[in-house]
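Below: upload.tsv (TSV, C-alpha atoms and all ligand atoms)
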```
chain	number	residue	atom	x	y	z
A	909	MET	CA	28.38	3.76	-4.33
A	910	ALA	CA	27.40	1.85	-1.24
A	911	GLY	CA	23.78	0.89	-1.44
A	912	GLY	CA	23.46	0.66	-5.17
A	913	GLN	CA	22.55	3.19	-7.78
A	914	ASP	CA	23.24	6.88	-7.65
A	915	LYS	CA	22.34	7.35	-11.30
A	916	GLY	CA	21.58	10.91	-12.20
A	917	SER	CA	18.22	9.82	-13.52
A	918	ALA	CA	17.28	7.23	-10.90
A	919	GLN	CA	13.54	7.64	-11.17
A	920	ALA	CA	10.72	5.42	-12.32
A	921	ASP	CA	8.85	7.06	-15.18
A	922	ASP	CA	5.17	7.86	-15.26
A	923	ILE	CA	4.59	8.04	-11.52
A	924	ALA	CA	2.87	11.07	-10.10
A	925	MET	CA	-0.01	11.61	-7.76
A	926	ARG	CA	-2.81	13.69	-9.27
A	927	GLY	CA	-2.09	17.33	-8.52
A	928	GLY	CA	-4.19	20.40	-7.79
A	929	GLY	CA	-4.84	19.28	-4.20
A	930	TYR	CA	-6.78	16.25	-5.55
A	931	TYR	CA	-4.37	13.91	-3.77
A	932	SER	CA	-5.14	14.92	-0.18
A	933	LEU	CA	-8.85	15.20	-0.82
A	934	ALA	CA	-9.02	11.70	-2.33
A	935	THR	CA	-6.75	9.89	0.10
A	936	ILE	CA	-8.06	10.36	3.59
A	937	GLY	CA	-6.92	6.79	4.35
A	938	ALA	CA	-3.30	7.84	3.82
A	939	LYS	CA	-3.84	10.60	6.37
A	940	HIS	CA	-5.14	8.05	8.87
A	941	VAL	CA	-1.87	6.14	8.42
A	942	ILE	CA	0.22	9.25	9.07
A	943	ASP	CA	-1.90	10.17	12.06
A	944	ALA	CA	-1.21	6.67	13.43
A	945	ALA	CA	2.55	7.10	12.84
A	946	THR	CA	2.61	10.43	14.69
A	947	ALA	CA	3.10	8.76	18.08
A	948	LEU	CA	6.34	7.21	16.76
A	949	VAL	CA	7.54	10.63	15.59
A	950	LEU	CA	6.73	12.23	18.93
A	951	ALA	CA	8.49	9.43	20.83
A	952	GLU	CA	11.66	10.03	18.81
A	953	ILE	CA	11.49	13.80	19.35
A	954	GLU	CA	11.03	13.25	23.07
A	955	ARG	CA	14.06	10.98	23.25
A	956	MET	CA	16.65	12.70	21.08
A	957	ALA	CA	19.15	15.36	22.06
A	958	LEU	CA	18.18	18.58	20.27
A	959	PRO	CA	20.78	20.28	18.07
A	960	ARG	CA	22.74	23.30	19.25
A	961	GLY	CA	23.85	26.00	16.83
A	962	ARG	CA	21.71	24.82	13.92
A	963	ALA	CA	18.05	24.21	13.10
A	964	PHE	CA	16.24	20.97	13.90
A	965	THR	CA	15.39	19.51	10.50
A	966	LEU	CA	12.33	17.37	9.85
A	967	ALA	CA	11.97	16.03	6.31
A	968	ASP	CA	8.95	14.36	4.72
A	969	PHE	CA	10.14	12.10	1.91
A	970	GLY	CA	7.47	11.46	-0.73
A	971	CYS	CA	5.23	14.18	0.68
A	972	ALA	CA	2.82	14.58	-2.33
A	973	ASP	CA	0.85	17.78	-1.61
A	974	GLY	CA	1.70	17.77	2.10
A	975	GLY	CA	-1.95	17.70	3.14
A	976	THR	CA	-1.92	14.22	4.61
A	977	SER	CA	1.08	14.94	6.86
A	978	ILE	CA	0.03	18.41	7.95
A	979	ASP	CA	-1.22	17.35	11.38
A	980	MET	CA	1.81	15.13	11.98
A	981	VAL	CA	4.13	18.04	11.19
A	982	ARG	CA	2.11	20.36	13.43
A	983	ALA	CA	2.36	17.85	16.30
A	984	ALA	CA	6.11	17.38	15.76
A	985	LEU	CA	6.77	21.13	15.71
A	986	GLY	CA	4.63	21.57	18.81
A	987	ALA	CA	6.63	18.92	20.67
A	988	LEU	CA	9.89	20.56	19.62
A	989	ARG	CA	8.68	24.01	20.72
A	990	ALA	CA	7.60	22.58	24.05
A	991	ARG	CA	11.16	21.37	24.57
A	992	ASP	CA	12.95	24.48	23.29
A	993	ALA	CA	11.25	27.84	22.77
A	994	ALA	CA	14.07	29.28	20.65
A	995	LEU	CA	15.34	26.38	18.53
A	996	PRO	CA	15.09	27.20	14.81
A	997	LEU	CA	12.86	24.63	13.10
A	998	ALA	CA	13.16	23.50	9.50
A	999	VAL	CA	10.63	21.41	7.58
A	1000	VAL	CA	11.79	20.11	4.21
A	1001	TYR	CA	9.23	18.57	1.85
A	1002	CYS	CA	10.77	16.15	-0.64
A	1003	ASP	CA	9.18	14.55	-3.66
A	1004	GLN	CA	9.87	13.95	-7.31
A	1005	PRO	CA	10.28	16.90	-9.70
A	1006	ARG	CA	6.90	16.24	-11.30
A	1007	ASN	CA	5.09	16.46	-7.96
A	1008	ASP	CA	2.64	19.38	-7.65
A	1009	PHE	CA	4.69	21.60	-5.34
A	1010	ASN	CA	2.37	24.54	-6.02
A	1011	ALA	CA	-0.47	22.58	-4.41
A	1012	LEU	CA	1.87	21.74	-1.54
A	1013	PHE	CA	2.74	25.37	-0.82
A	1014	GLN	CA	-0.88	26.42	-1.12
A	1015	ILE	CA	-1.76	23.87	1.54
A	1016	VAL	CA	1.20	24.71	3.78
A	1017	ASN	CA	0.52	28.44	3.44
A	1018	GLY	CA	-3.08	27.95	4.51
A	1019	GLU	CA	-4.59	28.85	1.14
A	1020	THR	CA	-6.91	25.82	1.02
A	1021	THR	CA	-9.58	24.30	3.25
A	1022	ILE	CA	-6.87	22.23	4.98
A	1023	GLU	CA	-5.78	23.90	8.20
A	1024	SER	CA	-2.06	24.65	8.20
A	1025	TYR	CA	0.44	25.00	11.05
A	1026	ARG	CA	2.48	27.70	9.35
A	1027	ASP	CA	1.45	30.68	11.45
A	1028	ALA	CA	1.48	28.76	14.72
A	1029	PHE	CA	5.27	28.69	15.06
A	1030	GLU	CA	7.93	31.40	15.22
A	1031	GLY	CA	11.36	30.55	13.86
A	1032	LEU	CA	10.00	28.07	11.34
A	1033	HIS	CA	11.57	27.60	7.90
A	1034	VAL	CA	9.64	25.58	5.34
A	1035	SER	CA	11.27	24.55	2.08
A	1036	ALA	CA	11.07	21.82	-0.52
A	1037	SER	CA	13.43	19.65	-2.51
A	1038	ALA	CA	12.17	18.33	-5.83
A	1039	THR	CA	14.58	15.43	-5.58
A	1040	SER	CA	13.97	11.70	-5.63
A	1041	PHE	CA	14.63	9.85	-2.40
A	1042	TYR	CA	16.91	7.65	-4.49
A	1043	ARG	CA	19.38	10.53	-4.51
A	1044	PRO	CA	21.05	12.57	-1.80
A	1045	VAL	CA	18.49	15.16	-0.70
A	1046	LEU	CA	19.95	16.89	2.37
A	1047	PRO	CA	23.52	17.81	3.37
A	1048	PRO	CA	25.40	15.17	5.36
A	1049	GLY	CA	24.68	15.20	9.09
A	1050	SER	CA	21.88	17.79	8.80
A	1051	LEU	CA	18.74	15.65	9.20
A	1052	ASP	CA	17.26	15.04	12.64
A	1053	LEU	CA	14.05	13.25	11.77
A	1054	GLY	CA	13.26	11.70	8.41
A	1055	PHE	CA	9.65	10.74	7.86
A	1056	SER	CA	8.03	8.91	5.00
A	1057	ALA	CA	4.62	7.37	4.47
A	1058	THR	CA	3.20	5.27	1.68
A	1059	ALA	CA	5.91	6.23	-0.80
A	1060	MET	CA	8.86	3.83	-0.73
A	1061	HIS	CA	7.09	0.97	-2.49
A	1062	TRP	CA	7.71	2.98	-5.69
A	1063	LEU	CA	10.83	1.52	-7.25
A	1064	SER	CA	13.55	3.56	-8.93
A	1065	ALA	CA	12.97	1.57	-12.12
A	1066	LYS	CA	10.91	-1.30	-13.49
A	1067	PRO	CA	13.21	-4.33	-13.70
A	1068	CYS	CA	10.90	-5.82	-16.39
A	1069	GLU	CA	7.31	-5.72	-17.54
A	1070	ILE	CA	5.04	-8.29	-15.89
A	1071	ALA	CA	3.59	-10.40	-18.66
A	1072	GLY	CA	0.18	-11.24	-17.18
A	1073	HIS	CA	-0.47	-8.65	-14.48
A	1074	VAL	CA	-0.12	-4.99	-13.58
A	1075	GLN	CA	1.65	-5.29	-10.20
A	1076	ALA	CA	4.36	-7.47	-8.67
A	1077	VAL	CA	1.77	-9.13	-6.40
A	1078	GLY	CA	0.68	-10.95	-9.57
A	1079	ALA	CA	4.21	-11.76	-10.77
A	1080	GLU	CA	5.79	-15.20	-10.64
A	1081	GLY	CA	9.15	-16.89	-11.19
A	1082	ALA	CA	11.89	-14.78	-12.75
A	1083	GLU	CA	9.67	-11.70	-12.97
A	1084	LEU	CA	8.89	-11.83	-9.25
A	1085	ALA	CA	12.57	-12.42	-8.45
A	1086	ALA	CA	13.54	-9.39	-10.54
A	1087	PHE	CA	11.09	-7.19	-8.64
A	1088	ALA	CA	12.27	-8.54	-5.27
A	1089	GLU	CA	15.89	-7.81	-6.20
A	1090	GLN	CA	15.03	-4.31	-7.41
A	1091	GLY	CA	13.17	-3.74	-4.14
A	1092	ARG	CA	16.17	-4.95	-2.14
A	1093	ARG	CA	18.63	-2.70	-3.95
A	1094	ASP	CA	16.33	0.30	-3.84
A	1095	TRP	CA	15.72	-0.07	-0.09
A	1096	GLU	CA	19.47	-0.20	0.52
A	1097	THR	CA	19.95	2.91	-1.62
A	1098	ILE	CA	17.27	4.86	0.26
A	1099	LEU	CA	18.71	3.87	3.63
A	1100	CYS	CA	22.32	4.64	2.68
A	1101	HIS	CA	21.36	8.15	1.55
A	1102	ARG	CA	19.34	8.77	4.70
A	1103	ALA	CA	22.15	7.39	6.88
A	1104	ARG	CA	24.53	9.99	5.46
A	1105	GLU	CA	21.99	12.78	5.90
A	1106	LEU	CA	21.10	11.92	9.49
A	1107	ALA	CA	22.86	13.61	12.38
A	1108	PRO	CA	24.18	11.14	14.97
A	1109	GLY	CA	21.25	10.20	17.21
A	1110	GLY	CA	18.76	11.20	14.51
A	1111	ALA	CA	15.87	8.96	13.52
A	1112	LEU	CA	13.77	7.70	10.65
A	1113	VAL	CA	10.07	6.97	11.04
A	1114	PHE	CA	8.58	5.23	8.04
A	1115	ALA	CA	5.15	3.78	7.33
A	1116	ASN	CA	5.76	1.75	4.20
A	1117	PHE	CA	3.34	-0.44	2.30
A	1118	CYS	CA	4.18	-4.08	2.95
A	1119	ARG	CA	3.10	-7.67	2.58
A	1120	ASP	CA	2.24	-8.61	6.17
A	1121	GLU	CA	2.72	-11.82	8.11
A	1122	ALA	CA	-0.69	-13.08	6.92
A	1123	GLY	CA	0.20	-12.37	3.25
A	1124	ARG	CA	-2.11	-9.34	3.11
A	1125	TYR	CA	-1.28	-6.17	1.20
A	1126	LEU	CA	-3.02	-3.09	-0.14
A	1127	GLY	CA	-6.47	-3.92	-1.47
A	1128	ASN	CA	-6.12	-7.62	-0.68
A	1129	THR	CA	-7.75	-8.04	2.71
A	1130	THR	CA	-11.49	-8.08	2.16
A	1131	GLY	CA	-12.38	-10.52	-0.58
A	1132	VAL	CA	-12.17	-8.56	-3.83
A	1133	HIS	CA	-8.52	-8.40	-4.90
A	1134	MET	CA	-7.98	-4.81	-6.05
A	1135	PHE	CA	-4.93	-5.48	-8.22
A	1136	ASP	CA	-6.68	-8.39	-9.93
A	1137	ARG	CA	-9.60	-6.08	-10.74
A	1138	PHE	CA	-7.18	-3.51	-12.19
A	1139	ASN	CA	-5.61	-6.24	-14.28
A	1140	GLU	CA	-8.81	-7.90	-15.43
A	1141	ILE	CA	-10.39	-4.63	-16.58
A	1142	TRP	CA	-7.19	-3.67	-18.43
A	1143	ARG	CA	-7.18	-7.13	-20.01
A	1144	ALA	CA	-10.85	-6.70	-20.99
A	1145	PHE	CA	-9.86	-3.47	-22.74
A	1146	LEU	CA	-7.28	-5.50	-24.68
A	1147	ALA	CA	-9.86	-8.16	-25.58
A	1148	GLU	CA	-12.26	-5.44	-26.75
A	1149	GLY	CA	-9.57	-3.90	-28.96
A	1150	ARG	CA	-9.54	-0.63	-27.00
A	1151	ILE	CA	-5.82	-1.04	-26.27
A	1152	GLY	CA	-3.03	-3.00	-27.93
A	1153	GLU	CA	-0.90	-5.86	-26.63
A	1154	ALA	CA	2.12	-3.60	-26.03
A	1155	GLU	CA	-0.08	-1.17	-24.12
A	1156	TYR	CA	-1.43	-3.97	-21.97
A	1157	ARG	CA	2.08	-5.13	-21.14
A	1158	ALA	CA	3.43	-1.64	-20.47
A	1159	MET	CA	0.98	-1.19	-17.61
A	1160	THR	CA	3.30	-2.58	-14.99
A	1161	LEU	CA	3.40	-0.53	-11.82
A	1162	PRO	CA	7.02	0.00	-10.68
A	1163	GLN	CA	6.20	-1.09	-7.13
A	1164	TYR	CA	7.19	-3.83	-4.74
A	1165	TYR	CA	5.73	-4.62	-1.30
A	1166	LYS	CA	8.41	-5.92	1.05
A	1167	THR	CA	7.90	-8.25	3.97
A	1168	VAL	CA	9.07	-7.40	7.50
A	1169	GLU	CA	12.07	-9.66	6.92
A	1170	GLU	CA	12.98	-7.83	3.72
A	1171	PHE	CA	12.70	-4.46	5.48
A	1172	ALA	CA	14.81	-5.62	8.42
A	1173	ALA	CA	17.54	-7.46	6.49
A	1174	PRO	CA	19.94	-4.58	5.71
A	1175	PHE	CA	19.84	-3.34	9.31
A	1176	GLU	CA	20.64	-6.77	10.67
A	1177	ASP	CA	23.42	-7.87	8.32
A	1178	PRO	CA	26.69	-6.55	9.79
A	1179	GLY	CA	28.20	-6.64	6.29
A	1180	SER	CA	25.54	-4.42	4.75
A	1181	PRO	CA	26.38	-0.77	3.96
A	1182	VAL	CA	23.28	0.24	5.92
A	1183	HIS	CA	24.58	-1.40	9.08
A	1184	GLU	CA	28.07	-0.05	8.39
A	1185	ALA	CA	26.60	3.46	8.07
A	1186	GLY	CA	25.31	3.14	11.65
A	1187	LEU	CA	21.58	2.69	11.02
A	1188	ARG	CA	19.80	0.41	13.47
A	1189	LEU	CA	16.19	-0.73	13.35
A	1190	GLN	CA	14.50	0.00	16.69
A	1191	ALA	CA	11.04	-1.37	16.00
A	1192	ILE	CA	8.88	-2.65	13.17
A	1193	GLU	CA	5.28	-3.79	13.19
A	1194	THR	CA	2.59	-4.25	10.58
A	1195	ARG	CA	-0.85	-2.67	10.79
A	1196	VAL	CA	-3.99	-2.71	8.67
A	1197	THR	CA	-5.73	0.66	8.27
A	1198	PRO	CA	-9.33	0.15	7.11
A	1199	CYS	CA	-10.49	1.66	3.83
A	1200	PRO	CA	-12.50	4.73	4.88
A	1201	PHE	CA	-14.74	4.49	1.80
A	1202	ALA	CA	-15.73	0.88	2.50
A	1203	ALA	CA	-16.33	1.82	6.15
A	1204	ASP	CA	-18.60	4.69	5.03
A	1205	PHE	CA	-20.46	2.29	2.72
A	1206	LYS	CA	-21.19	-0.02	5.66
A	1207	ARG	CA	-22.88	2.94	7.34
A	1208	HIS	CA	-24.81	4.46	4.42
A	1209	GLY	CA	-25.36	1.40	2.18
A	1210	ASP	CA	-25.51	3.47	-1.02
A	1211	ALA	CA	-23.51	1.56	-3.67
A	1212	ALA	CA	-23.42	4.44	-6.16
A	1213	LEU	CA	-22.16	6.86	-3.52
A	1214	PHE	CA	-19.49	4.36	-2.45
A	1215	ALA	CA	-18.32	3.78	-6.04
A	1216	ARG	CA	-18.15	7.52	-6.74
A	1217	ALA	CA	-16.09	8.17	-3.62
A	1218	TYR	CA	-13.85	5.10	-3.83
A	1219	ILE	CA	-12.60	5.16	-7.43
A	1220	PRO	CA	-10.86	8.57	-7.15
A	1221	THR	CA	-8.53	7.20	-4.46
A	1222	LEU	CA	-7.46	4.36	-6.79
A	1223	ARG	CA	-7.15	6.81	-9.63
A	1224	SER	CA	-4.94	9.23	-7.67
A	1225	TRP	CA	-1.95	6.87	-7.73
A	1226	THR	CA	-2.54	4.65	-10.78
A	1227	GLU	CA	-3.68	7.04	-13.48
A	1228	SER	CA	-0.27	8.35	-14.52
A	1229	THR	CA	1.05	4.80	-15.07
A	1230	PHE	CA	-2.02	3.72	-17.07
A	1231	PHE	CA	-1.78	6.90	-19.11
A	1232	GLY	CA	1.95	6.34	-19.69
A	1233	ALA	CA	1.29	2.80	-20.95
A	1234	LEU	CA	-0.83	4.10	-23.82
A	1235	ALA	CA	0.90	4.80	-27.14
A	1236	ALA	CA	1.92	8.44	-27.48
A	1237	GLU	CA	0.76	8.41	-31.14
A	1238	ARG	CA	-2.84	8.25	-29.95
A	1239	GLY	CA	-2.55	11.85	-28.77
A	1240	PRO	CA	-3.46	13.14	-25.32
A	1241	GLU	CA	-7.21	13.37	-25.83
A	1242	ALA	CA	-7.65	9.81	-27.09
A	1243	ARG	CA	-5.42	8.53	-24.29
A	1244	GLN	CA	-7.42	10.43	-21.70
A	1245	ALA	CA	-10.68	9.07	-23.13
A	1246	ILE	CA	-9.42	5.49	-22.66
A	1247	ILE	CA	-8.33	6.25	-19.11
A	1248	ASP	CA	-11.68	7.85	-18.28
A	1249	ALA	CA	-13.50	4.81	-19.70
A	1250	TYR	CA	-11.25	2.51	-17.69
A	1251	TYR	CA	-12.09	4.10	-14.34
A	1252	ASP	CA	-15.76	4.39	-15.37
A	1253	ARG	CA	-15.74	0.60	-15.90
A	1254	TYR	CA	-14.21	0.01	-12.48
A	1255	GLU	CA	-16.75	2.39	-10.90
A	1256	ALA	CA	-19.64	0.57	-12.64
A	1257	GLU	CA	-18.36	-2.76	-11.26
A	1258	VAL	CA	-18.27	-1.40	-7.73
A	1259	ARG	CA	-21.72	0.14	-8.13
A	1260	ALA	CA	-23.18	-3.14	-9.39
A	1261	ALA	CA	-21.56	-5.40	-6.77
A	1262	PRO	CA	-20.02	-3.31	-3.98
A	1263	GLU	CA	-19.52	-6.06	-1.40
A	1264	GLY	CA	-15.86	-6.86	-0.72
A	1265	HIS	CA	-14.47	-3.85	-2.60
A	1266	GLY	CA	-12.18	-1.61	-0.62
A	1267	MET	CA	-8.58	-0.60	-0.26
A	1268	ASP	CA	-7.45	-1.39	3.24
A	1269	TYR	CA	-3.90	-0.17	3.74
A	1270	VAL	CA	-1.31	-2.67	4.96
A	1271	HIS	CA	1.80	-0.98	6.32
A	1272	ALA	CA	5.01	-1.73	8.15
A	1273	PHE	CA	5.52	1.03	10.72
A	1274	MET	CA	9.18	1.30	11.61
A	1275	THR	CA	11.64	3.40	13.53
A	1276	ALA	CA	15.37	3.39	12.86
A	1277	ARG	CA	18.13	5.42	14.47
A	1278	LYS	CA	21.62	6.45	13.55
A	1279	VAL	CA	24.00	5.49	16.30
A	1280	ALA	CA	25.06	8.55	18.28
A	1301	LIG	C1	0.84	7.64	-2.21
A	1301	LIG	S1	1.74	9.13	-2.19
A	1301	LIG	C2	2.01	9.34	-0.45
A	1301	LIG	C3	2.01	10.77	-0.06
A	1301	LIG	C4	2.08	11.03	1.42
A	1301	LIG	N1	3.38	10.65	1.96
A	1301	LIG	C5	1.00	10.26	2.14
A	1301	LIG	O1	1.30	9.28	2.81
A	1301	LIG	O2	-0.16	10.61	2.00
A	1301	LIG	C6	3.35	8.63	-2.75
A	1301	LIG	C7	4.29	9.80	-2.98
A	1301	LIG	O3	5.59	9.29	-3.15
A	1301	LIG	C8	6.21	10.05	-4.15
A	1301	LIG	N2	7.35	9.32	-4.69
A	1301	LIG	C9	7.36	8.19	-5.42
A	1301	LIG	N3	8.62	7.88	-5.77
A	1301	LIG	C10	9.42	8.84	-5.22
A	1301	LIG	C11	10.80	9.07	-5.24
A	1301	LIG	N4	11.63	8.26	-5.89
A	1301	LIG	N5	11.28	10.14	-4.58
A	1301	LIG	C12	10.45	10.97	-3.90
A	1301	LIG	N6	9.12	10.81	-3.86
A	1301	LIG	C13	8.61	9.75	-4.52
A	1301	LIG	C14	5.13	10.27	-5.16
A	1301	LIG	O4	5.45	11.31	-6.06
A	1301	LIG	C15	3.97	10.59	-4.23
A	1301	LIG	O5	3.88	11.95	-3.98
```
Representation of the structure as structure tokens:
Amino acid sequence: MAGGQDKGSAQADDIAMRGGGYYSLATIGAKHVIDAATALVLAEIERMALPRGRAFTLADFGCADGGTSIDMVRAALGALRARDAALPLAVVYCDQPRNDFNALFQIVNGETTIESYRDAFEGLHVSASATSFYRPVLPPGSLDLGFSATAMHWLSAKPCEIAGHVQAVGAEGAELAAFAEQGRRDWETILCHRARELAPGGALVFANFCRDEAGRYLGNTTGVHMFDRFNEIWRAFLAEGRIGEAEYRAMTLPQYYKTVEEFAAPFEDPGSPVHEAGLRLQAIETRVTPCPFAADFKRHGDAALFARAYIPTLRSWTESTFFGALAAERGPEARQAIIDAYYDRYEAEVRAAPEGHGMDYVHAFMTARKVA
């Protein structure tokens, strides 16, 4: 198919955010990113012609438990209602099958401490699709606004293990090239699917992790390089005999951070299936969103408090891959004990020397439209 793989199983293994509502509670920084992207969503809603004879459909691709986007969705629905009091509104939450959709519906139905929008709007239809964004998710021509934040750096597959690191930011040579190529193909696949789903005049607003113009990326802005710490602690576990060589190597995160040029390329190349499908990039800019835990630490100065608050946010998106790297023969309890010890080690490091730790987010905020 145009845009690369449409494999039935296109899905990287061992990726899942921690469920049970843990995700939204631990990742307030991700909410700050979505709050910052809300103005782009509202600008698109303001500009576009609203559908007649069908619902306006807003989809959140890679929604996790929906808590971090709840205020963005509320604002979008409010803007739509202000324009049309009777237009049926549909919100579709999309994530991988292993995502905790129960937590999502508890949040959206107002059954948690997070304030929901559900009862604020008449004519609102909320549903979910447990389908990877590497596959078709919505019927052709039915999507008006596709949103995604902090999700599309997850690749559909690992092109290889990285011999000496846990993330592509530490890859070199052929390994780095393989990740870049996987990232290129995956981006094209995502965009081709969304291009088919979008109604003419519809829009995509994405806030995707990136490598910015200054070479910065997640956790590499403040001095301590987060991915190097992940790697060095995992390597220490190997040196101490807590894990084996194969387990060390298997901890390769299936992620790739694209540059602005890499994001823009398929829109700009007239021969690309993305361009042929009518998708055009309207705007793209990079932004750094400060780590809220490091900012709190600057105020309170309590290293132990900082370490206790900070490590869960790292854990929320790395734990399933670390766990998956451990040999199944160990059994779940022994694997969990290693994982607990791993994050305890990281927490002890932060407690002992907190300066420079932090996970600033580095995103490319972009808007694309399907030609009307
Ligand atoms: C860091 S969370 C971001 C959640 C939320 N969008 C936010 O910004 O707070 C990344 C989410 O992307 C989802 N994800 C990763 N790969 C995906 C895929 N192929 N299809 C759909 N969702 C995916 C993960 O399951 C996870 O829920």
#### Entry: Selection: 12 Å around range 1013-1018 of chain A, only C-alpha atoms, excl. self and same-chain fewer than 4 positions, as number ranges by chain
A: 927-933, 971-979, 981-982, 999-1001, 1007-1009, 1022-1028, 1033-1036
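Using all atoms listed in the file as the basis for the distance check, residues found within 6 Å of ligand LIG 1301 (chain A) are A:Gln919, A:Ala924, A:Met925, A:Ala938, A:Lys939, A:Phe969, A:Gly970, A:Cys971, A:Ala972, A:Thr976, A:Asp1003, A:Gln1004, A:Asn1007, A:Ser1040, A:Phe1041, A:Tyr1042, A:Ser1056, A:Ala1057, A:Thr1058, A:Ala1059, A:Trp1062, A:Ser1064.
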Would you give the centre and edge lengths, in Å to one decimal, of a box along x, y and z around the listed atoms of range 1204-1221 of chain A, with 8 Å added to each side, as AutoDock Vina command-line options?
```
--center_x -17.0 --center_y 4.3 --center_z 0.0 --size_x 33.0 --size_y 24.6 --size_z 30.8
```
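When only C-alpha atoms are used to measure the gap to Phe1175 in chain A, the shortest distance among A:Arg1157, A:His940, A:Arg1277, A:His1271 belongs to A:Arg1277.
Closest approach to Ala990 in chain A among A:Val1168, A:Leu1012, A:Leu1234, A:Leu950 is made by A:Leu950 (distances from all atoms listed in the file).
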Which polymer residues, whether protein, DNA or RNA, lie within 9 Å of the coordinate (-28.1, -2.7, -3.4) when you count only C-alpha atoms? List them as an mmCIF file with C-alpha atoms, in the frame of the given file, using the chain letters and numbers from the file.
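Output saved as out_20.cif:
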```
data_model
loop_
_atom_site.group_PDB
_atom_site.id
_atom_site.type_symbol
_atom_site.label_atom_id
_atom_site.label_comp_id
_atom_site.auth_asym_id
_atom_site.auth_seq_id
_atom_site.Cartn_x
_atom_site.Cartn_y
_atom_site.Cartn_z
ATOM 1 C CA GLY A 1209 -25.360 1.400 2.180
ATOM 2 C CA ASP A 1210 -25.510 3.470 -1.020
ATOM 3 C CA ALA A 1211 -23.510 1.560 -3.670
ATOM 4 C CA ALA A 1212 -23.420 4.440 -6.160
ATOM 5 C CA ARG A 1259 -21.720 0.140 -8.130
ATOM 6 C CA ALA A 1260 -23.180 -3.140 -9.390
ATOM 7 C CA ALA A 1261 -21.560 -5.400 -6.770
ATOM 8 C CA PRO A 1262 -20.020 -3.310 -3.980
#
```
Using only C-alpha atoms, what does the table of range 1043-1083 of chain A residues within 8 Å of range 1118-1141 of chain A look like, with each row giving the shortest atom pair and its distance in Å to one decimal, sorted by chain and ascending number, as a Markdown table?
```
| residue | atom | partner | partner_atom | distance |
| --- | --- | --- | --- | --- |
| A:His1061 | CA | A:Cys1118 | CA | 8.0 |
| A:His1073 | CA | A:Asn1139 | CA | 5.7 |
| A:Val1074 | CA | A:Asn1139 | CA | 5.7 |
| A:Gln1075 | CA | A:Phe1135 | CA | 6.9 |
| A:Val1077 | CA | A:Phe1135 | CA | 7.8 |
| A:Gly1078 | CA | A:Asp1136 | CA | 7.8 |
```
Same residues, C-alpha atoms, output as a PDB file, in the frame of the given file:
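Contents of the output file part_30.pdb:
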```pdb
ATOM      1  CA  HIS A1061       7.090   0.970  -2.490  1.00  0.00           C
ATOM      2  CA  HIS A1073      -0.470  -8.650 -14.480  1.00  0.00           C
ATOM      3  CA  VAL A1074      -0.120  -4.990 -13.580  1.00  0.00           C
ATOM      4  CA  GLN A1075       1.650  -5.290 -10.200  1.00  0.00           C
ATOM      5  CA  VAL A1077       1.770  -9.130  -6.400  1.00  0.00           C
ATOM      6  CA  GLY A1078       0.680 -10.950  -9.570  1.00  0.00           C
TER       7      GLY A1078
END
```
### Task
Starting from the point (4.8, 5.5, 8.8), work out which residues of protein, DNA or RNA have an atom no more than 7 Å away when counting only C-alpha atoms; state them as a ChimeraX atom specification.
/A:941-942,945,1056-1057,1113-1116,1273-1274
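Using all atoms listed in the file for every distance, the candidate list A:Cys1199, A:Met1159, A:Ala1217, A:Leu988 yields A:Met1159 as the residue closest to Phe1231 in chain A.
Nearest residue to Ala1103 in chain A, choosing from A:Leu1053, A:Ala1249, A:Cys1068, A:Ala993 and counting all atoms listed in the file: A:Leu1053.
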I'd like the neighbourhood of Ile953 in chain A as an mmCIF file with C-alpha atoms, in the coordinates of the input, where a residue qualifies if any of its atoms comes within 10 Å (using only C-alpha atoms), though same-chain residues fewer than 6 positions away should be ignored.
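Output saved as result_28.cif:
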```
data_model
loop_
_atom_site.group_PDB
_atom_site.id
_atom_site.type_symbol
_atom_site.label_atom_id
_atom_site.label_comp_id
_atom_site.auth_asym_id
_atom_site.auth_seq_id
_atom_site.Cartn_x
_atom_site.Cartn_y
_atom_site.Cartn_z
ATOM 1 C CA ALA A 947 3.100 8.760 18.080
ATOM 2 C CA ALA A 984 6.110 17.380 15.760
ATOM 3 C CA LEU A 985 6.770 21.130 15.710
ATOM 4 C CA ALA A 987 6.630 18.920 20.670
ATOM 5 C CA LEU A 988 9.890 20.560 19.620
ATOM 6 C CA ARG A 991 11.160 21.370 24.570
ATOM 7 C CA ASP A 1052 17.260 15.040 12.640
ATOM 8 C CA LEU A 1053 14.050 13.250 11.770
ATOM 9 C CA GLY A 1110 18.760 11.200 14.510
ATOM 10 C CA ALA A 1111 15.870 8.960 13.520
#
```
### Task
Name the closest residue to Ala1158 in chain A among the candidates A:Ala1191, A:Ala1085, A:Ala1233, A:Ala1202; distances are taken between atoms, counting all atoms listed in the file.
A:Ala1233
#### Entry: For Arg960 in chain A: contacts at 12 Å, all atoms listed in the file, fewer than 6 positions along chain excluded, given as an MDAnalysis selection string
chainID A and resid 992 994:997 1050 1052 1107
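Atom pair CA of Asp943 in chain A / CA of Gly1186 in chain A has a distance of 28.1 Å (rounded to one decimal).
Proximity ranking of A:Ile1151, A:Ala1272, A:Val1196, A:Ala1065 relative to Thr1167 in chain A places A:Ala1272 first, based on only C-alpha atoms.
For the pair CA of Val1258 in chain A and CA of Tyr1218 in chain A, the separation is 8.8 Å.
Here CA of Thr965 in chain A stands at a distance of 5.3 Å from CA of Leu1051 in chain A.
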